[in-house]
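The data block below is protein.pdb; it holds PDB, C-alpha atoms.
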MODEL        1
ATOM      1  CA  MET F   1    -120.725 -11.401  -5.159
ATOM      2  CA  LYS F   2    -123.773  -9.476  -6.263
ATOM      3  CA  LYS F   3    -124.033  -8.217  -9.842
ATOM      4  CA  THR F   4    -122.872  -4.619  -9.376
ATOM      5  CA  ALA F   5    -122.711  -1.431 -11.434
ATOM      6  CA  ILE F   6    -120.271   1.227 -10.274
ATOM      7  CA  LEU F   7    -121.454   4.769 -11.035
ATOM      8  CA  PHE F   8    -119.347   7.935 -10.776
ATOM      9  CA  PRO F   9    -120.864  11.411 -10.229
ATOM     10  CA  GLY F  10    -119.924  14.537 -12.162
ATOM     11  CA  GLN F  11    -120.167  18.285 -11.663
ATOM     12  CA  GLY F  12    -122.683  19.418  -9.052
ATOM     13  CA  SER F  13    -121.803  16.782  -6.436
ATOM     14  CA  GLN F  14    -118.879  18.681  -4.913
ATOM     15  CA  TYR F  15    -118.754  19.857  -1.303
ATOM     16  CA  ILE F  16    -116.095  21.325   0.979
ATOM     17  CA  GLY F  17    -114.451  18.493   2.913
ATOM     18  CA  MET F  18    -114.981  15.823   0.245
ATOM     19  CA  GLY F  19    -112.458  13.014   0.470
ATOM     20  CA  GLN F  20    -111.046  14.203   3.812
ATOM     21  CA  ALA F  21    -111.758  11.020   5.806
ATOM     22  CA  LEU F  22    -110.258   8.800   3.079
ATOM     23  CA  ILE F  23    -107.099  10.902   2.664
ATOM     24  CA  GLU F  24    -106.528  10.956   6.431
ATOM     25  CA  ALA F  25    -107.184   7.218   6.818
ATOM     26  CA  ASP F  26    -105.033   5.834   3.990
ATOM     27  CA  GLN F  27    -101.611   6.651   2.596
ATOM     28  CA  ASP F  28    -102.524   5.357  -0.877
ATOM     29  CA  ALA F  29    -105.460   7.760  -1.040
ATOM     30  CA  ALA F  30    -103.198  10.662  -0.046
ATOM     31  CA  ALA F  31    -100.642   9.580  -2.685
ATOM     32  CA  LEU F  32    -103.301   9.458  -5.415
ATOM     33  CA  LEU F  33    -104.405  13.004  -4.543
ATOM     34  CA  GLU F  34    -100.768  14.163  -4.629
ATOM     35  CA  MET F  35    -100.353  12.668  -8.110
ATOM     36  CA  ALA F  36    -103.572  14.411  -9.228
ATOM     37  CA  GLU F  37    -102.277  17.734  -7.854
ATOM     38  CA  GLU F  38     -99.007  17.306  -9.698
ATOM     39  CA  VAL F  39    -100.692  16.489 -13.016
ATOM     40  CA  SER F  40    -103.320  19.257 -12.801
ATOM     41  CA  GLY F  41    -101.040  21.938 -11.365
ATOM     42  CA  PHE F  42    -103.830  23.015  -8.954
ATOM     43  CA  PRO F  43    -103.932  22.810  -5.124
ATOM     44  CA  LEU F  44    -106.581  20.089  -5.208
ATOM     45  CA  LYS F  45    -106.249  19.083  -1.553
ATOM     46  CA  LYS F  46    -106.767  22.660  -0.369
ATOM     47  CA  LEU F  47    -109.715  23.109  -2.767
ATOM     48  CA  CYS F  48    -111.359  19.874  -1.557
ATOM     49  CA  LEU F  49    -110.836  20.457   2.144
ATOM     50  CA  GLU F  50    -110.977  24.245   2.485
ATOM     51  CA  GLY F  51    -112.508  25.641  -0.708
ATOM     52  CA  PRO F  52    -113.707  28.362  -0.929
ATOM     53  CA  MET F  53    -116.754  26.959  -2.752
ATOM     54  CA  GLU F  54    -116.455  29.663  -5.420
ATOM     55  CA  ASP F  55    -112.967  28.406  -6.348
ATOM     56  CA  LEU F  56    -113.889  24.715  -6.066
ATOM     57  CA  THR F  57    -116.890  25.215  -8.382
ATOM     58  CA  ARG F  58    -114.862  26.847 -11.177
ATOM     59  CA  VAL F  59    -114.995  24.373 -14.099
ATOM     60  CA  LEU F  60    -111.222  24.588 -14.376
ATOM     61  CA  HIS F  61    -110.728  23.339 -10.784
ATOM     62  CA  LEU F  62    -113.855  21.236 -10.374
ATOM     63  CA  GLN F  63    -113.153  18.701 -13.108
ATOM     64  CA  PRO F  64    -109.806  17.527 -11.636
ATOM     65  CA  THR F  65    -110.946  17.747  -7.975
ATOM     66  CA  MET F  66    -114.128  15.685  -8.508
ATOM     67  CA  THR F  67    -112.248  13.137 -10.597
ATOM     68  CA  ALA F  68    -109.471  12.748  -8.009
ATOM     69  CA  ILE F  69    -112.010  12.006  -5.252
ATOM     70  CA  ASN F  70    -113.915   9.552  -7.493
ATOM     71  CA  LEU F  71    -110.676   7.702  -8.286
ATOM     72  CA  ILE F  72    -109.739   7.541  -4.588
ATOM     73  CA  CYS F  73    -113.157   5.998  -3.810
ATOM     74  CA  TRP F  74    -112.589   3.360  -6.529
ATOM     75  CA  GLN F  75    -109.062   2.668  -5.247
ATOM     76  CA  GLN F  76    -110.405   2.122  -1.723
ATOM     77  CA  LEU F  77    -113.245  -0.149  -2.861
ATOM     78  CA  LYS F  78    -110.746  -2.299  -4.792
ATOM     79  CA  LYS F  79    -108.621  -2.593  -1.634
ATOM     80  CA  ALA F  80    -111.680  -3.789   0.300
ATOM     81  CA  LEU F  81    -112.824  -6.148  -2.499
ATOM     82  CA  PRO F  82    -109.735  -7.153  -4.536
ATOM     83  CA  ASP F  83    -111.705  -9.788  -6.507
ATOM     84  CA  LEU F  84    -114.508  -7.429  -7.521
ATOM     85  CA  VAL F  85    -115.266  -7.337 -11.243
ATOM     86  CA  PRO F  86    -118.294  -5.067 -11.720
ATOM     87  CA  ALA F  87    -120.926  -5.914 -14.342
ATOM     88  CA  TYR F  88    -120.670  -2.297 -15.557
ATOM     89  CA  THR F  89    -119.071   1.036 -14.859
ATOM     90  CA  GLY F  90    -120.702   4.300 -15.829
ATOM     91  CA  GLY F  91    -120.236   7.966 -15.098
ATOM     92  CA  HIS F  92    -122.471  10.996 -15.398
ATOM     93  CA  SER F  93    -120.891  13.513 -17.803
ATOM     94  CA  LEU F  94    -117.509  14.349 -16.177
ATOM     95  CA  GLY F  95    -117.889  11.134 -14.121
ATOM     96  CA  GLU F  96    -117.475   9.115 -17.320
ATOM     97  CA  TYR F  97    -113.695   9.678 -17.129
ATOM     98  CA  SER F  98    -113.618   8.004 -13.703
ATOM     99  CA  ALA F  99    -115.607   5.110 -15.227
ATOM    100  CA  LEU F 100    -113.023   4.780 -18.023
ATOM    101  CA  GLN F 101    -110.210   4.630 -15.490
ATOM    102  CA  ALA F 102    -112.049   2.012 -13.418
ATOM    103  CA  ALA F 103    -112.643  -0.042 -16.583
ATOM    104  CA  GLY F 104    -108.933   0.019 -17.489
ATOM    105  CA  VAL F 105    -109.363   2.251 -20.575
ATOM    106  CA  LEU F 106    -107.206   5.053 -19.104
ATOM    107  CA  SER F 107    -104.440   5.138 -16.501
ATOM    108  CA  ALA F 108    -105.100   7.276 -13.416
ATOM    109  CA  GLN F 109    -102.463   9.756 -14.581
ATOM    110  CA  ASP F 110    -103.897  10.064 -18.104
ATOM    111  CA  THR F 111    -107.388  10.450 -16.646
ATOM    112  CA  MET F 112    -106.190  13.418 -14.598
ATOM    113  CA  THR F 113    -104.412  14.920 -17.630
ATOM    114  CA  LEU F 114    -107.576  14.716 -19.729
ATOM    115  CA  VAL F 115    -110.045  16.081 -17.162
ATOM    116  CA  THR F 116    -107.688  19.000 -16.461
ATOM    117  CA  LYS F 117    -107.564  19.871 -20.175
ATOM    118  CA  ARG F 118    -111.328  19.321 -20.510
ATOM    119  CA  GLY F 119    -111.964  21.755 -17.637
ATOM    120  CA  GLU F 120    -109.634  24.320 -19.171
ATOM    121  CA  PHE F 121    -111.309  24.187 -22.603
ATOM    122  CA  MET F 122    -114.831  24.162 -21.179
ATOM    123  CA  GLU F 123    -114.136  27.155 -18.934
ATOM    124  CA  ARG F 124    -112.761  28.978 -21.990
ATOM    125  CA  GLU F 125    -115.899  28.194 -24.019
ATOM    126  CA  GLY F 126    -118.147  29.142 -21.108
ATOM    127  CA  ALA F 127    -116.487  32.561 -20.856
ATOM    128  CA  ALA F 128    -116.770  33.123 -24.619
ATOM    129  CA  ASN F 129    -120.383  31.847 -24.875
ATOM    130  CA  PRO F 130    -122.202  32.501 -21.579
ATOM    131  CA  GLY F 131    -125.080  30.212 -20.732
ATOM    132  CA  GLY F 132    -126.559  27.936 -18.112
ATOM    133  CA  MET F 133    -128.710  24.889 -17.446
ATOM    134  CA  LEU F 134    -132.212  24.236 -16.075
ATOM    135  CA  ALA F 135    -133.861  21.079 -14.747
ATOM    136  CA  VAL F 136    -137.349  20.543 -16.186
ATOM    137  CA  LEU F 137    -139.498  18.219 -14.050
ATOM    138  CA  GLY F 138    -142.787  16.638 -15.041
ATOM    139  CA  LEU F 139    -142.397  16.255 -18.817
ATOM    140  CA  THR F 140    -141.099  13.222 -20.751
ATOM    141  CA  ILE F 141    -138.201  13.376 -23.201
ATOM    142  CA  GLU F 142    -140.647  12.848 -26.108
ATOM    143  CA  ALA F 143    -142.705  15.850 -24.994
ATOM    144  CA  ILE F 144    -139.633  18.070 -24.632
ATOM    145  CA  ASP F 145    -138.135  16.940 -27.969
ATOM    146  CA  ASN F 146    -141.436  17.763 -29.702
ATOM    147  CA  LEU F 147    -141.599  21.175 -28.014
ATOM    148  CA  LEU F 148    -137.997  21.881 -29.060
ATOM    149  CA  LYS F 149    -138.762  20.976 -32.684
ATOM    150  CA  ALA F 150    -141.638  23.439 -32.667
ATOM    151  CA  TYR F 151    -139.783  26.161 -30.691
ATOM    152  CA  THR F 152    -139.276  29.330 -32.775
ATOM    153  CA  GLY F 153    -138.323  31.660 -29.919
ATOM    154  CA  PRO F 154    -134.988  33.438 -29.442
ATOM    155  CA  GLY F 155    -131.669  31.995 -28.324
ATOM    156  CA  ILE F 156    -130.047  28.567 -28.245
ATOM    157  CA  VAL F 157    -131.497  25.700 -26.199
ATOM    158  CA  VAL F 158    -131.051  21.892 -26.321
ATOM    159  CA  VAL F 159    -131.569  18.841 -24.107
ATOM    160  CA  ALA F 160    -128.310  18.269 -22.199
ATOM    161  CA  ASN F 161    -129.237  15.332 -19.943
ATOM    162  CA  HIS F 162    -132.035  12.805 -19.873
ATOM    163  CA  ASN F 163    -131.649  11.825 -16.201
ATOM    164  CA  ALA F 164    -134.939  10.116 -15.302
ATOM    165  CA  GLU F 165    -138.271   9.593 -17.037
ATOM    166  CA  GLN F 166    -139.479  13.083 -16.168
ATOM    167  CA  GLN F 167    -136.236  14.789 -15.178
ATOM    168  CA  ILE F 168    -134.683  16.493 -18.185
ATOM    169  CA  ILE F 169    -131.871  19.076 -18.117
ATOM    170  CA  ILE F 170    -131.896  21.777 -20.796
ATOM    171  CA  SER F 171    -128.825  23.821 -21.672
ATOM    172  CA  GLY F 172    -128.324  27.033 -23.631
ATOM    173  CA  ASP F 173    -127.952  30.797 -23.533
ATOM    174  CA  GLN F 174    -130.152  32.947 -21.271
ATOM    175  CA  GLU F 175    -132.573  33.922 -24.049
ATOM    176  CA  GLY F 176    -133.056  30.305 -25.092
ATOM    177  CA  LEU F 177    -133.503  29.074 -21.512
ATOM    178  CA  ASP F 178    -136.000  31.838 -20.663
ATOM    179  CA  GLY F 179    -137.987  31.393 -23.865
ATOM    180  CA  PHE F 180    -138.117  27.624 -23.828
ATOM    181  CA  SER F 181    -138.755  27.233 -20.079
ATOM    182  CA  ALA F 182    -141.872  29.417 -20.551
ATOM    183  CA  VAL F 183    -143.009  26.966 -23.272
ATOM    184  CA  CYS F 184    -142.385  24.016 -20.906
ATOM    185  CA  LYS F 185    -144.474  25.663 -18.176
ATOM    186  CA  GLU F 186    -147.327  26.286 -20.622
ATOM    187  CA  ASN F 187    -147.205  22.603 -21.555
ATOM    188  CA  GLY F 188    -147.409  21.140 -18.069
ATOM    189  CA  ALA F 189    -143.878  21.162 -16.594
ATOM    190  CA  LYS F 190    -144.293  20.848 -12.815
ATOM    191  CA  LYS F 191    -141.062  22.574 -11.838
ATOM    192  CA  ILE F 192    -138.142  24.348 -13.487
ATOM    193  CA  ILE F 193    -134.993  24.600 -11.393
ATOM    194  CA  PRO F 194    -131.854  26.580 -12.345
ATOM    195  CA  LEU F 195    -128.644  24.565 -11.865
ATOM    196  CA  LYS F 196    -125.583  26.062 -10.176
ATOM    197  CA  VAL F 197    -123.356  25.919 -13.260
ATOM    198  CA  SER F 198    -121.558  28.671 -15.112
ATOM    199  CA  VAL F 199    -121.335  26.847 -18.455
ATOM    200  CA  ALA F 200    -123.985  25.553 -20.883
ATOM    201  CA  ASN F 201    -122.619  22.000 -20.794
ATOM    202  CA  HIS F 202    -123.617  19.465 -23.482
ATOM    203  CA  SER F 203    -124.782  22.198 -25.857
ATOM    204  CA  PRO F 204    -123.528  23.916 -29.049
ATOM    205  CA  LEU F 205    -122.177  26.708 -26.796
ATOM    206  CA  VAL F 206    -119.284  24.461 -25.702
ATOM    207  CA  ALA F 207    -118.752  22.725 -29.059
ATOM    208  CA  GLY F 208    -115.659  24.885 -29.625
ATOM    209  CA  ALA F 209    -113.861  22.710 -27.036
ATOM    210  CA  VAL F 210    -114.325  19.477 -29.018
ATOM    211  CA  GLU F 211    -111.530  19.904 -31.571
ATOM    212  CA  ASP F 212    -108.884  21.050 -29.074
ATOM    213  CA  PHE F 213    -109.834  18.353 -26.594
ATOM    214  CA  SER F 214    -109.821  15.650 -29.284
ATOM    215  CA  ALA F 215    -106.264  16.711 -30.186
ATOM    216  CA  CYS F 216    -105.256  16.198 -26.512
ATOM    217  CA  MET F 217    -106.886  12.756 -26.452
ATOM    218  CA  ALA F 218    -104.957  11.744 -29.583
ATOM    219  CA  ALA F 219    -101.754  11.888 -27.522
ATOM    220  CA  VAL F 220    -103.121   9.622 -24.759
ATOM    221  CA  ALA F 221    -103.203   5.800 -24.762
ATOM    222  CA  PHE F 222    -106.755   4.368 -24.716
ATOM    223  CA  HIS F 223    -107.122   0.631 -24.000
ATOM    224  CA  THR F 224    -109.881  -1.942 -24.503
ATOM    225  CA  PRO F 225    -112.285  -1.845 -21.515
ATOM    226  CA  GLN F 226    -111.813  -4.701 -19.024
ATOM    227  CA  ILE F 227    -115.288  -3.939 -17.624
ATOM    228  CA  PRO F 228    -118.255  -2.942 -19.838
ATOM    229  CA  VAL F 229    -118.883   0.818 -19.914
ATOM    230  CA  LEU F 230    -122.214   2.241 -21.104
ATOM    231  CA  PHE F 231    -121.399   5.557 -22.752
ATOM    232  CA  ASN F 232    -123.349   8.793 -22.196
ATOM    233  CA  VAL F 233    -123.486   9.620 -25.910
ATOM    234  CA  THR F 234    -124.675   6.210 -27.164
ATOM    235  CA  ALA F 235    -126.193   4.476 -24.082
ATOM    236  CA  SER F 236    -124.353   1.368 -25.303
ATOM    237  CA  GLN F 237    -121.023  -0.454 -24.946
ATOM    238  CA  GLU F 238    -117.946   0.081 -27.065
ATOM    239  CA  SER F 239    -114.725  -1.895 -27.080
ATOM    240  CA  GLN F 240    -112.573  -0.211 -29.762
ATOM    241  CA  PRO F 241    -110.165   2.345 -28.207
ATOM    242  CA  ASP F 242    -110.292   4.664 -31.261
ATOM    243  CA  THR F 243    -114.105   4.709 -31.236
ATOM    244  CA  ILE F 244    -114.071   5.427 -27.476
ATOM    245  CA  ARG F 245    -111.778   8.412 -28.114
ATOM    246  CA  GLU F 246    -114.154   9.737 -30.759
ATOM    247  CA  ILE F 247    -117.211   9.252 -28.491
ATOM    248  CA  MET F 248    -115.487  11.092 -25.627
ATOM    249  CA  GLY F 249    -114.739  14.043 -27.924
ATOM    250  CA  ARG F 250    -118.415  14.265 -28.904
ATOM    251  CA  GLN F 251    -119.526  13.864 -25.283
ATOM    252  CA  ILE F 252    -118.694  17.515 -24.423
ATOM    253  CA  ALA F 253    -121.473  18.905 -26.649
ATOM    254  CA  SER F 254    -123.807  15.857 -26.845
ATOM    255  CA  ARG F 255    -126.831  14.708 -24.867
ATOM    256  CA  VAL F 256    -126.198  12.508 -21.787
ATOM    257  CA  ARG F 257    -128.494   9.483 -22.233
ATOM    258  CA  TRP F 258    -128.417   8.469 -18.578
ATOM    259  CA  TYR F 259    -131.986   7.179 -18.283
ATOM    260  CA  GLU F 260    -131.462   4.779 -21.204
ATOM    261  CA  SER F 261    -128.120   3.577 -19.838
ATOM    262  CA  MET F 262    -129.502   2.865 -16.372
ATOM    263  CA  ASN F 263    -132.516   1.009 -17.785
ATOM    264  CA  ARG F 264    -130.170  -1.125 -19.864
ATOM    265  CA  MET F 265    -128.208  -2.055 -16.729
ATOM    266  CA  ILE F 266    -131.454  -2.887 -14.874
ATOM    267  CA  GLU F 267    -132.657  -5.055 -17.802
ATOM    268  CA  ASN F 268    -129.338  -6.912 -17.687
ATOM    269  CA  GLY F 269    -129.860  -7.931 -14.069
ATOM    270  CA  VAL F 270    -127.752  -5.484 -12.036
ATOM    271  CA  GLU F 271    -128.552  -6.095  -8.345
ATOM    272  CA  VAL F 272    -126.520  -3.282  -6.743
ATOM    273  CA  PHE F 273    -125.900   0.250  -8.002
ATOM    274  CA  LEU F 274    -123.006   1.831  -6.103
ATOM    275  CA  GLU F 275    -122.400   5.550  -6.530
ATOM    276  CA  LEU F 276    -118.698   6.062  -5.795
ATOM    277  CA  GLY F 277    -117.887   9.679  -5.059
ATOM    278  CA  PRO F 278    -119.266  12.773  -3.321
ATOM    279  CA  LYS F 279    -122.985  13.181  -2.490
ATOM    280  CA  THR F 280    -125.988  11.103  -3.585
ATOM    281  CA  VAL F 281    -127.114  12.786  -6.827
ATOM    282  CA  LEU F 282    -126.988   9.588  -8.910
ATOM    283  CA  THR F 283    -128.513   7.472  -6.124
ATOM    284  CA  GLY F 284    -131.438   9.911  -6.000
ATOM    285  CA  MET F 285    -131.885   9.586  -9.777
ATOM    286  CA  MET F 286    -131.746   5.767  -9.579
ATOM    287  CA  ARG F 287    -134.563   5.777  -7.033
ATOM    288  CA  LYS F 288    -136.669   7.718  -9.554
ATOM    289  CA  ILE F 289    -135.717   5.311 -12.372
ATOM    290  CA  LEU F 290    -136.290   2.004 -10.541
ATOM    291  CA  PRO F 291    -139.854   0.675 -10.330
ATOM    292  CA  ARG F 292    -141.495   0.848  -6.892
ATOM    293  CA  LYS F 293    -140.661  -2.096  -4.624
ATOM    294  CA  SER F 294    -137.703  -3.006  -6.857
ATOM    295  CA  PRO F 295    -135.333  -5.501  -5.172
ATOM    296  CA  VAL F 296    -132.334  -3.575  -6.571
ATOM    297  CA  THR F 297    -130.089  -1.898  -3.969
ATOM    298  CA  CYS F 298    -128.855   1.703  -4.453
ATOM    299  CA  ILE F 299    -126.007   2.868  -2.237
ATOM    300  CA  GLN F 300    -123.432   5.660  -2.184
ATOM    301  CA  ALA F 301    -119.963   5.713  -0.642
ATOM    302  CA  ASP F 302    -117.292   8.377  -0.187
ATOM    303  CA  THR F 303    -116.052   7.722   3.380
ATOM    304  CA  PRO F 304    -114.266   4.714   4.966
ATOM    305  CA  GLU F 305    -117.463   3.731   6.853
ATOM    306  CA  LEU F 306    -119.719   3.924   3.797
ATOM    307  CA  LEU F 307    -117.170   2.035   1.668
ATOM    308  CA  GLU F 308    -117.009  -0.723   4.276
ATOM    309  CA  LYS F 309    -120.807  -0.997   4.269
ATOM    310  CA  ALA F 310    -120.884  -1.038   0.436
ATOM    311  CA  ALA F 311    -118.248  -3.786   0.319
ATOM    312  CA  GLU F 312    -120.340  -5.919   2.703
ATOM    313  CA  ILE F 313    -123.484  -5.474   0.580
ATOM    314  CA  ILE F 314    -121.679  -6.341  -2.682
ATOM    315  CA  ALA F 315    -119.949  -9.359  -1.107
ATOM    316  CA  GLY F 316    -123.435 -10.559  -0.221
TER     317      GLY F 316
ENDMDL
END

Using structure tokens, write down the structure that the file contains.
Amino acid sequence: MKKTAILFPGQGSQYIGMGQALIEADQDAAALLEMAEEVSGFPLKKLCLEGPMEDLTRVLHLQPTMTAINLICWQQLKKALPDLVPAYTGGHSLGEYSALQAAGVLSAQDTMTLVTKRGEFMEREGAANPGGMLAVLGLTIEAIDNLLKAYTGPGIVVVANHNAEQQIIISGDQEGLDGFSAVCKENGAKKIIPLKVSVANHSPLVAGAVEDFSACMAAVAFHTPQIPVLFNVTASQESQPDTIREIMGRQIASRVRWYESMNRMIENGVEVFLELGPKTVLTGMMRKILPRKSPVTCIQADTPELLEKAAEIIAG
């Protein structure tokens, strides 16, 4: 088998109809979604298949729906390749919970419990501290960090995600985003794109969720990873369950060091990156991260046909 990293997407990859083909094709997939509905208390199947998009995109609903579909994709891949032991799992922001489940740190049920609570607390913080997120293209992380250090304008603004060499997401309140995006433009940013989010994720504006969420995690069993996970907060591995709990509490308001994590996987000889879950957001980022003419394969799967193709590629 090829040396494979399994990557799970987070918020922003949702679409109406996600997971439909898998749920209709396999009883185990349907059963997993039923369990997720029961744990979350939300009509996840209806949200996934019918929407409306406005309801699906609410942080409260989106975190459990996305996670349920990610977990179904992992379940189906394992059925196709029962002997698969990935070199790594990783997840982008919310997707990190799917990675923890795949790595054996959390049970599927506990994963659903935690992402439901996380969504609830983050929606609460978003309502209390309105904000948003912008993608800044064309500047490096060093340039943006230096500009932030020197920024004396109004509002709150921080780096939320370092996604690719010159794709940085900033997060904050409207004043901070307006003020700092003007600074980025003056300093050579090629494009600034507003993200369709209602919460200033990975910023001080959601830090109020950390304590309550950490209290929820204290009641959940965390296990030693059976597959290495590279964490968003540290861009490195961790094997101690208590440290993982602490990292996942910090993750809500900390920077996602995706670019570093992916480069570490590439350096360690990963041959296939498989994005398991809706859309191709992470696959698109990987293509920006990988050097031109790289022999590394990037694929995405969230339907029976795409999963079959992915299994064939990994099996070599």

Might you pull out every residue within 7 Å of segment 274-287 of chain F, with all atoms listed in the file counted and same-chain residues fewer than 2 positions away left off, and present them as a PDB file with C-alpha atoms, in the coordinates of the input?
ATOM      1  CA  ALA F   5    -122.711  -1.431 -11.434  1.00  0.00           C
ATOM      2  CA  ILE F   6    -120.271   1.227 -10.274  1.00  0.00           C
ATOM      3  CA  LEU F   7    -121.454   4.769 -11.035  1.00  0.00           C
ATOM      4  CA  PHE F   8    -119.347   7.935 -10.776  1.00  0.00           C
ATOM      5  CA  PRO F   9    -120.864  11.411 -10.229  1.00  0.00           C
ATOM      6  CA  SER F  13    -121.803  16.782  -6.436  1.00  0.00           C
ATOM      7  CA  GLN F  14    -118.879  18.681  -4.913  1.00  0.00           C
ATOM      8  CA  MET F  18    -114.981  15.823   0.245  1.00  0.00           C
ATOM      9  CA  ILE F  69    -112.010  12.006  -5.252  1.00  0.00           C
ATOM     10  CA  ASN F  70    -113.915   9.552  -7.493  1.00  0.00           C
ATOM     11  CA  CYS F  73    -113.157   5.998  -3.810  1.00  0.00           C
ATOM     12  CA  TRP F  74    -112.589   3.360  -6.529  1.00  0.00           C
ATOM     13  CA  ASN F 163    -131.649  11.825 -16.201  1.00  0.00           C
ATOM     14  CA  ALA F 164    -134.939  10.116 -15.302  1.00  0.00           C
ATOM     15  CA  VAL F 272    -126.520  -3.282  -6.743  1.00  0.00           C
ATOM     16  CA  ILE F 289    -135.717   5.311 -12.372  1.00  0.00           C
ATOM     17  CA  LEU F 290    -136.290   2.004 -10.541  1.00  0.00           C
ATOM     18  CA  CYS F 298    -128.855   1.703  -4.453  1.00  0.00           C
ATOM     19  CA  ILE F 299    -126.007   2.868  -2.237  1.00  0.00           C
ATOM     20  CA  GLN F 300    -123.432   5.660  -2.184  1.00  0.00           C
ATOM     21  CA  ALA F 301    -119.963   5.713  -0.642  1.00  0.00           C
ATOM     22  CA  ASP F 302    -117.292   8.377  -0.187  1.00  0.00           C
TER      23      ASP F 302
END

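Note that atom CA of Ile266 of chain F and atom CA of Ala310 of chain F are 18.7 Å apart.
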
Q | Residue among F:Asp173, F:Asp28, F:Pro291, F:Ile244 lying closest to Glu267 of chain F, counting only C-alpha atoms | A |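 With only C-alpha atoms as the atom set, the closest residue is F:Pro291.
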
Q | Interatomic distance, atom CA of Leu139 of chain F to atom CA of Ala182 of chain F (Å, one decimal) | A | 13.3 Å

**Q.** Pick from F:Phe121, F:Phe222, F:Tyr151, F:Phe42 nearest to Val210 of chain F, counting all atoms listed in the file
**A.** F:Phe121

Q | Proximity to Ser93 of chain F - best of F:Cys48, F:Ala80, F:Val233, F:Ile227, all atoms listed in the file | A | F:Val233

Check what the PyMOL selection byres ((chain F and resi 185-197) around 7) selects in the file above and give those residues as a PDB file with C-alpha atoms, in the coordinates of the input.
ATOM      1  CA  GLY F 132    -126.559  27.936 -18.112  1.00  0.00           C
ATOM      2  CA  MET F 133    -128.710  24.889 -17.446  1.00  0.00           C
ATOM      3  CA  LEU F 134    -132.212  24.236 -16.075  1.00  0.00           C
ATOM      4  CA  ALA F 135    -133.861  21.079 -14.747  1.00  0.00           C
ATOM      5  CA  VAL F 136    -137.349  20.543 -16.186  1.00  0.00           C
ATOM      6  CA  LEU F 137    -139.498  18.219 -14.050  1.00  0.00           C
ATOM      7  CA  GLY F 138    -142.787  16.638 -15.041  1.00  0.00           C
ATOM      8  CA  LEU F 139    -142.397  16.255 -18.817  1.00  0.00           C
ATOM      9  CA  SER F 181    -138.755  27.233 -20.079  1.00  0.00           C
ATOM     10  CA  ALA F 182    -141.872  29.417 -20.551  1.00  0.00           C
ATOM     11  CA  VAL F 183    -143.009  26.966 -23.272  1.00  0.00           C
ATOM     12  CA  CYS F 184    -142.385  24.016 -20.906  1.00  0.00           C
ATOM     13  CA  SER F 198    -121.558  28.671 -15.112  1.00  0.00           C
ATOM     14  CA  VAL F 199    -121.335  26.847 -18.455  1.00  0.00           C
TER      15      VAL F 199
END

Q: Could you please determine the separation between atom CA of Ser254 of chain F and atom CA of Thr152 of chain F in Å, to one decimal place?
A: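 Atom CA of Ser254 of chain F sits 21.4 Å away from atom CA of Thr152 of chain F.
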
Place N, CA, C and O atoms on segment 158-166 of chain F and deliver the coordinates as an mmCIF file, in the frame of the given file.
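What ended up in result.cif:
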data_model
loop_
_atom_site.group_PDB
_atom_site.id
_atom_site.type_symbol
_atom_site.label_atom_id
_atom_site.label_comp_id
_atom_site.auth_asym_id
_atom_site.auth_seq_id
_atom_site.Cartn_x
_atom_site.Cartn_y
_atom_site.Cartn_z
ATOM 1 N N VAL F 158 -131.031 23.318 -25.951
ATOM 2 C CA VAL F 158 -131.051 21.892 -26.321
ATOM 3 C C VAL F 158 -131.262 21.057 -25.049
ATOM 4 O O VAL F 158 -131.110 21.561 -23.939
ATOM 5 N N VAL F 159 -131.563 19.776 -25.242
ATOM 6 C CA VAL F 159 -131.569 18.841 -24.107
ATOM 7 C C VAL F 159 -130.120 18.453 -23.834
ATOM 8 O O VAL F 159 -129.406 17.997 -24.734
ATOM 9 N N ALA F 160 -129.679 18.629 -22.584
ATOM 10 C CA ALA F 160 -128.310 18.269 -22.199
ATOM 11 C C ALA F 160 -128.259 16.889 -21.550
ATOM 12 O O ALA F 160 -127.349 16.115 -21.801
ATOM 13 N N ASN F 161 -129.233 16.603 -20.682
ATOM 14 C CA ASN F 161 -129.237 15.332 -19.943
ATOM 15 C C ASN F 161 -130.653 14.788 -19.859
ATOM 16 O O ASN F 161 -131.563 15.516 -19.476
ATOM 17 N N HIS F 162 -130.777 13.503 -20.138
ATOM 18 C CA HIS F 162 -132.035 12.805 -19.873
ATOM 19 C C HIS F 162 -131.750 11.930 -18.648
ATOM 20 O O HIS F 162 -131.237 10.835 -18.757
ATOM 21 N N ASN F 163 -132.090 12.452 -17.456
ATOM 22 C CA ASN F 163 -131.649 11.825 -16.201
ATOM 23 C C ASN F 163 -132.605 10.774 -15.660
ATOM 24 O O ASN F 163 -132.193 9.756 -15.110
ATOM 25 N N ALA F 164 -133.906 11.053 -15.757
ATOM 26 C CA ALA F 164 -134.939 10.116 -15.302
ATOM 27 C C ALA F 164 -136.128 10.340 -16.221
ATOM 28 O O ALA F 164 -136.098 11.241 -17.057
ATOM 29 N N GLU F 165 -137.168 9.523 -16.060
ATOM 30 C CA GLU F 165 -138.271 9.593 -17.037
ATOM 31 C C GLU F 165 -138.792 11.019 -17.211
ATOM 32 O O GLU F 165 -139.002 11.483 -18.328
ATOM 33 N N GLN F 166 -138.973 11.711 -16.078
ATOM 34 C CA GLN F 166 -139.479 13.083 -16.168
ATOM 35 C C GLN F 166 -138.538 14.070 -15.480
ATOM 36 O O GLN F 166 -138.966 15.021 -14.817
#
